[in-house]
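For reference, the structure discussed in these notes is given below.
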Amino acid sequence: NNIQIYSYGTYFKTINLDNFEQYCQTGVVLGAKVLRLWCGEKGSSLFNKEEYDNLINVIKKCADIAKKYNLVIAFENHGKTLCDNVFSILKMIEDVKKDNVRMYFQPDYWNSYFNDADRINANLNTINGLKDYLCCAHVYSWNGIDRLLLKERHYEWTEYLKNLSNEDIVCYLEFFKDDDVDNFIEDAKEFNSLIKQANNYKEELLSRYSISELSLLISDNYNMVMLKSNGEDKEEAEIKAADLRYNVIGQIIGKCVKKKSARKQETKSDKIDK
């Protein structure tokens, strides 16, 4: 049936090394390339130094064991774990210093936002902030903890997938409304449509611009803004990073429209001359 298992979704919480090698062995049997792990059992703000250092030490050992089996270990950005925000995730990755440690992206449902735009911008900033470390993404449509049909989040997933178009990132449908198989099928159809739309967007840009021009789209605006704010104003940094990102996209899309209009005008002039 052409079904492949890319990631083994374990619930191993990296508190200690108990049975971790068995998870690796199971992953190999399944043909997986990635083991999904959980980064502790509480939010990043609740770790003291001793607990944090112990967690980092366990992650390092897990990464070394996994490497013997040619496996990557990946954490979800998830509430009630160390990986509940971009800053703690990047610090963890820097402190671990292992090339087989990666991240999952999933939309934030554990924080409250003033409106949809703030929530979408926060998720886009997470994607852009972690872009060098993402291997997988969970695709779902939630309002808080209430499950929706994927099409009810069509706009925001259009934006997310534009930024998750790296061929090395594997996206999974996760959860569906009312656990109803018919809703899962509908979500799958919507997901296929979103993927085609994202690929068309990417091909459109690649057909018109050089890699150096397009690199602006994935430039590290988030870290640049954080550097300017000395990492002290997360909210302001997220707003500025989003503004920078949308300005860049707007400039490129504007160029696309102008070029298309110019070509149409040239074609029209040719017809008149003839």
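Every chain in the structure tokens has a letter given in the order shown (A, B, ...), and although residue numbers restart at 1 in each chain, ligands are simply numbered from 1 in the order shown.
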Extract, using only C-alpha atoms, all DNA, RNA and protein residues at most 9 Å from Cys62 of chain A, discarding same-chain residues fewer than 6 positions from it, and format them as a VMD selection string. chain A and resid 14 17 20 to 21 73
Using all heavy atoms, can you write the selected residues to a file as a compact mmCIF listing (two decimals), in the first residue's frame?
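And here is the file that came out, out.txt:
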# COMPACT_ATOMS: atom_id res chain seq x y z
N THR A 14 12.66 11.65 28.23
CA THR A 14 14.06 12.06 28.48
C THR A 14 14.33 12.47 29.93
O THR A 14 15.15 13.35 30.21
CB THR A 14 14.50 13.21 27.53
OG1 THR A 14 13.66 14.35 27.70
CG2 THR A 14 14.47 12.76 26.09
N LEU A 17 17.44 7.35 31.16
CA LEU A 17 17.72 6.53 29.97
C LEU A 17 17.01 5.18 29.99
O LEU A 17 17.30 4.32 29.15
CB LEU A 17 19.23 6.31 29.84
CG LEU A 17 20.05 7.55 29.48
CD1 LEU A 17 21.54 7.24 29.58
CD2 LEU A 17 19.70 8.04 28.09
N PHE A 20 15.69 3.24 26.79
CA PHE A 20 15.73 4.05 25.57
C PHE A 20 16.26 3.26 24.37
O PHE A 20 15.78 3.42 23.24
CB PHE A 20 16.59 5.31 25.77
CG PHE A 20 16.68 6.15 24.53
CD1 PHE A 20 15.55 6.84 24.08
CD2 PHE A 20 17.85 6.23 23.79
CE1 PHE A 20 15.60 7.59 22.91
CE2 PHE A 20 17.91 6.99 22.63
CZ PHE A 20 16.78 7.68 22.20
N GLU A 21 17.24 2.39 24.62
CA GLU A 21 17.80 1.63 23.49
C GLU A 21 16.74 0.72 22.86
O GLU A 21 16.77 0.48 21.66
CB GLU A 21 19.01 0.81 23.95
CG GLU A 21 19.83 0.27 22.79
CD GLU A 21 21.31 0.23 23.09
OE1 GLU A 21 21.71 0.50 24.24
OE2 GLU A 21 22.07 -0.05 22.16
N ILE A 73 16.73 12.05 16.77
CA ILE A 73 15.72 12.25 17.82
C ILE A 73 15.14 13.65 17.62
O ILE A 73 15.84 14.60 17.30
CB ILE A 73 16.29 12.07 19.24
CG1 ILE A 73 17.40 13.08 19.55
CG2 ILE A 73 16.78 10.66 19.45
CD1 ILE A 73 17.85 13.06 21.00
Excluding Leu46 of chain A and any residue of its chain fewer than 6 positions from it, enumerate the residues within 10 Å of it, using only C-alpha atoms, and give them as a list in words. Tyr52, Lys80, Thr81 and Leu82 of chain A
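Residue nearest Asp182 of chain A, chosen from A:Val72, A:Leu161, A:Leu149, A:Tyr113 and counting only C-alpha atoms: A:Leu149.
Per DSSP on the backbone, strand (DSSP E or B) in segment 97-186 of chain A comprises Val101, Arg102, Met103, Tyr104, Phe105, Leu134, Cys135, Cys136, Ala137, His138, Val139, Trp142, Asn143, Asp146, Arg147, Val170, Cys171, Tyr172 and Leu173 of chain A.
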Here is a test: counting only C-alpha atoms, which residue of A:Lys162, A:Arg147, A:Arg36, A:Lys61 is nearest to Asn200 of chain A? A:Lys162
Leaving out Arg102 of chain A and any residue of its chain fewer than 4 positions from it, which residues lie within 8 Å of it when counting only C-alpha atoms, given as JSON, numbers by chain? {"A": [72, 73, 74, 75, 133, 134, 135]}
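Using only C-alpha atoms, the protein and nucleic acid residues lying no more than 8 Å from Cys171 of chain A, apart from those fewer than 3 places from it along its own chain, are A:Cys136, A:Ala137, A:His138, A:Val139.
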File of the preceding selection, all heavy atoms, as a compact mmCIF listing (two decimals), in the first residue's frame:
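The new file result_24.txt reads:
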# COMPACT_ATOMS: atom_id res chain seq x y z
N CYS A 136 9.90 17.49 10.94
CA CYS A 136 8.51 17.04 10.83
C CYS A 136 7.56 18.16 11.26
O CYS A 136 7.96 19.10 11.95
CB CYS A 136 8.24 15.82 11.71
SG CYS A 136 9.28 14.38 11.37
N ALA A 137 6.30 18.03 10.85
CA ALA A 137 5.27 18.96 11.29
C ALA A 137 3.97 18.20 11.51
O ALA A 137 3.63 17.31 10.72
CB ALA A 137 5.06 20.07 10.26
N HIS A 138 3.27 18.54 12.56
CA HIS A 138 1.94 17.99 12.82
C HIS A 138 0.90 18.96 12.25
O HIS A 138 0.89 20.14 12.59
CB HIS A 138 1.71 17.83 14.32
CG HIS A 138 2.29 16.58 14.87
ND1 HIS A 138 2.56 16.40 16.22
CD2 HIS A 138 2.66 15.42 14.27
CE1 HIS A 138 3.07 15.19 16.41
NE2 HIS A 138 3.13 14.58 15.25
N VAL A 139 0.04 18.43 11.41
CA VAL A 139 -0.99 19.25 10.75
C VAL A 139 -2.33 18.96 11.40
O VAL A 139 -2.81 17.83 11.37
CB VAL A 139 -1.05 18.93 9.24
CG1 VAL A 139 -2.15 19.76 8.57
CG2 VAL A 139 0.30 19.18 8.59
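Put simply, atom CA of Asn111 of chain A is 28.5 Å away from atom CA of Ser193 of chain A.
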Pairwise distance, atom CA of Gln25 of chain A with atom CA of Asn70 of chain A, equals 10.7 Å
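Using only C-alpha atoms for every distance, the candidate list A:Thr26, A:Thr126, A:Ser112, A:Asn100 yields A:Thr126 as the residue closest to Cys83 of chain A.
One finds atom CA of Ala117 of chain A at 17.9 Å from atom CA of Gly129 of chain A.
Residue neighbourhood of Gly40 of chain A, excluding near-sequence residues (fewer than 5 positions): Tyr11, Phe12, Lys13, Thr14, Ile15, Asn16, Leu46, Phe47, Glu51, Tyr52, Asp53, Asn54, Leu55, Ile56, Val58, Ile59, Phe75, Glu76, Asn77, His78, Gly79, Lys80, Thr81, Leu82, Cys83, Asp84 and Met92 of chain A, at 12 Å, using only C-alpha atoms.
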Which of segment 52-201 of chain A DSSP labels helix (DSSP H, G or I), written as a VMD selection string: chain A and resid 52 to 68 86 to 96 116 to 129 150 to 163 177 to 179 181 to 201
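Nearest to Tyr140 of chain A of all the residues A:Phe114, A:Trp38, A:Tyr155, A:Phe175 is A:Phe175, counting only C-alpha atoms.
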Could you pull the residues within 12 Å of segment 196-198 of chain A, counting only C-alpha atoms, minus those fewer than 2 positions along the same chain, as a VMD selection string? chain A and resid 154 to 167 189 to 194 200 to 205
Given the selection you just returned, output its residues as a file containing N, CA and C atoms, formatted as a PDB file, in the first residue's frame.
ATOM      1  N   HIS A 154      -7.905  26.928   6.793  1.00  0.00           N
ATOM      2  CA  HIS A 154      -7.288  26.906   5.461  1.00  0.00           C
ATOM      3  C   HIS A 154      -6.271  28.034   5.301  1.00  0.00           C
ATOM      4  N   TYR A 155      -6.655  29.248   5.668  1.00  0.00           N
ATOM      5  CA  TYR A 155      -5.765  30.390   5.449  1.00  0.00           C
ATOM      6  C   TYR A 155      -4.450  30.218   6.196  1.00  0.00           C
ATOM      7  N   GLU A 156      -4.530  29.864   7.480  1.00  0.00           N
ATOM      8  CA  GLU A 156      -3.285  29.805   8.244  1.00  0.00           C
ATOM      9  C   GLU A 156      -2.397  28.656   7.795  1.00  0.00           C
ATOM     10  N   TRP A 157      -2.981  27.511   7.407  1.00  0.00           N
ATOM     11  CA  TRP A 157      -2.144  26.423   6.919  1.00  0.00           C
ATOM     12  C   TRP A 157      -1.550  26.746   5.547  1.00  0.00           C
ATOM     13  N   THR A 158      -2.234  27.573   4.769  1.00  0.00           N
ATOM     14  CA  THR A 158      -1.633  28.076   3.532  1.00  0.00           C
ATOM     15  C   THR A 158      -0.344  28.815   3.854  1.00  0.00           C
ATOM     16  N   GLU A 159      -0.381  29.654   4.886  1.00  0.00           N
ATOM     17  CA  GLU A 159       0.803  30.412   5.283  1.00  0.00           C
ATOM     18  C   GLU A 159       1.879  29.508   5.874  1.00  0.00           C
ATOM     19  N   TYR A 160       1.482  28.578   6.731  1.00  0.00           N
ATOM     20  CA  TYR A 160       2.474  27.689   7.353  1.00  0.00           C
ATOM     21  C   TYR A 160       3.209  26.856   6.293  1.00  0.00           C
ATOM     22  N   LEU A 161       2.454  26.308   5.348  1.00  0.00           N
ATOM     23  CA  LEU A 161       3.070  25.425   4.363  1.00  0.00           C
ATOM     24  C   LEU A 161       3.967  26.174   3.386  1.00  0.00           C
ATOM     25  N   LYS A 162       3.697  27.441   3.167  1.00  0.00           N
ATOM     26  CA  LYS A 162       4.624  28.248   2.366  1.00  0.00           C
ATOM     27  C   LYS A 162       6.002  28.253   3.014  1.00  0.00           C
ATOM     28  N   ASN A 163       6.015  28.209   4.329  1.00  0.00           N
ATOM     29  CA  ASN A 163       7.274  28.262   5.074  1.00  0.00           C
ATOM     30  C   ASN A 163       7.797  26.884   5.459  1.00  0.00           C
ATOM     31  N   LEU A 164       7.000  25.845   5.212  1.00  0.00           N
ATOM     32  CA  LEU A 164       7.415  24.472   5.497  1.00  0.00           C
ATOM     33  C   LEU A 164       7.645  23.694   4.200  1.00  0.00           C
ATOM     34  N   SER A 165       7.996  24.412   3.134  1.00  0.00           N
ATOM     35  CA  SER A 165       8.094  23.774   1.818  1.00  0.00           C
ATOM     36  C   SER A 165       9.425  23.091   1.563  1.00  0.00           C
ATOM     37  N   ASN A 166      10.273  23.037   2.589  1.00  0.00           N
ATOM     38  CA  ASN A 166      11.531  22.299   2.477  1.00  0.00           C
ATOM     39  C   ASN A 166      11.235  20.807   2.294  1.00  0.00           C
ATOM     40  N   GLU A 167      11.847  20.212   1.274  1.00  0.00           N
ATOM     41  CA  GLU A 167      11.577  18.804   0.970  1.00  0.00           C
ATOM     42  C   GLU A 167      11.962  17.855   2.096  1.00  0.00           C
ATOM     43  N   LYS A 189      -8.213  15.249   2.013  1.00  0.00           N
ATOM     44  CA  LYS A 189      -8.437  15.925   0.728  1.00  0.00           C
ATOM     45  C   LYS A 189      -8.009  17.390   0.816  1.00  0.00           C
ATOM     46  N   GLU A 190      -8.373  18.034   1.919  1.00  0.00           N
ATOM     47  CA  GLU A 190      -7.984  19.428   2.117  1.00  0.00           C
ATOM     48  C   GLU A 190      -6.463  19.551   2.205  1.00  0.00           C
ATOM     49  N   PHE A 191      -5.827  18.609   2.888  1.00  0.00           N
ATOM     50  CA  PHE A 191      -4.369  18.644   3.034  1.00  0.00           C
ATOM     51  C   PHE A 191      -3.689  18.508   1.676  1.00  0.00           C
ATOM     52  N   ASN A 192      -4.166  17.585   0.849  1.00  0.00           N
ATOM     53  CA  ASN A 192      -3.608  17.432  -0.497  1.00  0.00           C
ATOM     54  C   ASN A 192      -3.744  18.721  -1.291  1.00  0.00           C
ATOM     55  N   SER A 193      -4.886  19.382  -1.150  1.00  0.00           N
ATOM     56  CA  SER A 193      -5.102  20.650  -1.841  1.00  0.00           C
ATOM     57  C   SER A 193      -4.130  21.715  -1.346  1.00  0.00           C
ATOM     58  N   LEU A 194      -3.912  21.758  -0.040  1.00  0.00           N
ATOM     59  CA  LEU A 194      -2.978  22.727   0.540  1.00  0.00           C
ATOM     60  C   LEU A 194      -1.548  22.485   0.065  1.00  0.00           C
ATOM     61  N   ASN A 200       2.735  25.028  -5.815  1.00  0.00           N
ATOM     62  CA  ASN A 200       2.543  25.990  -6.898  1.00  0.00           C
ATOM     63  C   ASN A 200       3.146  27.341  -6.546  1.00  0.00           C
ATOM     64  N   TYR A 201       2.965  27.745  -5.293  1.00  0.00           N
ATOM     65  CA  TYR A 201       3.534  29.004  -4.823  1.00  0.00           C
ATOM     66  C   TYR A 201       5.053  28.969  -4.925  1.00  0.00           C
ATOM     67  N   LYS A 202       5.630  27.857  -4.483  1.00  0.00           N
ATOM     68  CA  LYS A 202       7.083  27.721  -4.518  1.00  0.00           C
ATOM     69  C   LYS A 202       7.601  27.728  -5.959  1.00  0.00           C
ATOM     70  N   GLU A 203       6.938  26.983  -6.838  1.00  0.00           N
ATOM     71  CA  GLU A 203       7.364  26.917  -8.240  1.00  0.00           C
ATOM     72  C   GLU A 203       7.247  28.282  -8.922  1.00  0.00           C
ATOM     73  N   GLU A 204       6.186  29.018  -8.564  1.00  0.00           N
ATOM     74  CA  GLU A 204       6.000  30.355  -9.125  1.00  0.00           C
ATOM     75  C   GLU A 204       7.173  31.261  -8.779  1.00  0.00           C
ATOM     76  N   LEU A 205       7.589  31.227  -7.514  1.00  0.00           N
ATOM     77  CA  LEU A 205       8.704  32.069  -7.085  1.00  0.00           C
ATOM     78  C   LEU A 205      10.022  31.606  -7.699  1.00  0.00           C
TER      79      LEU A 205
END
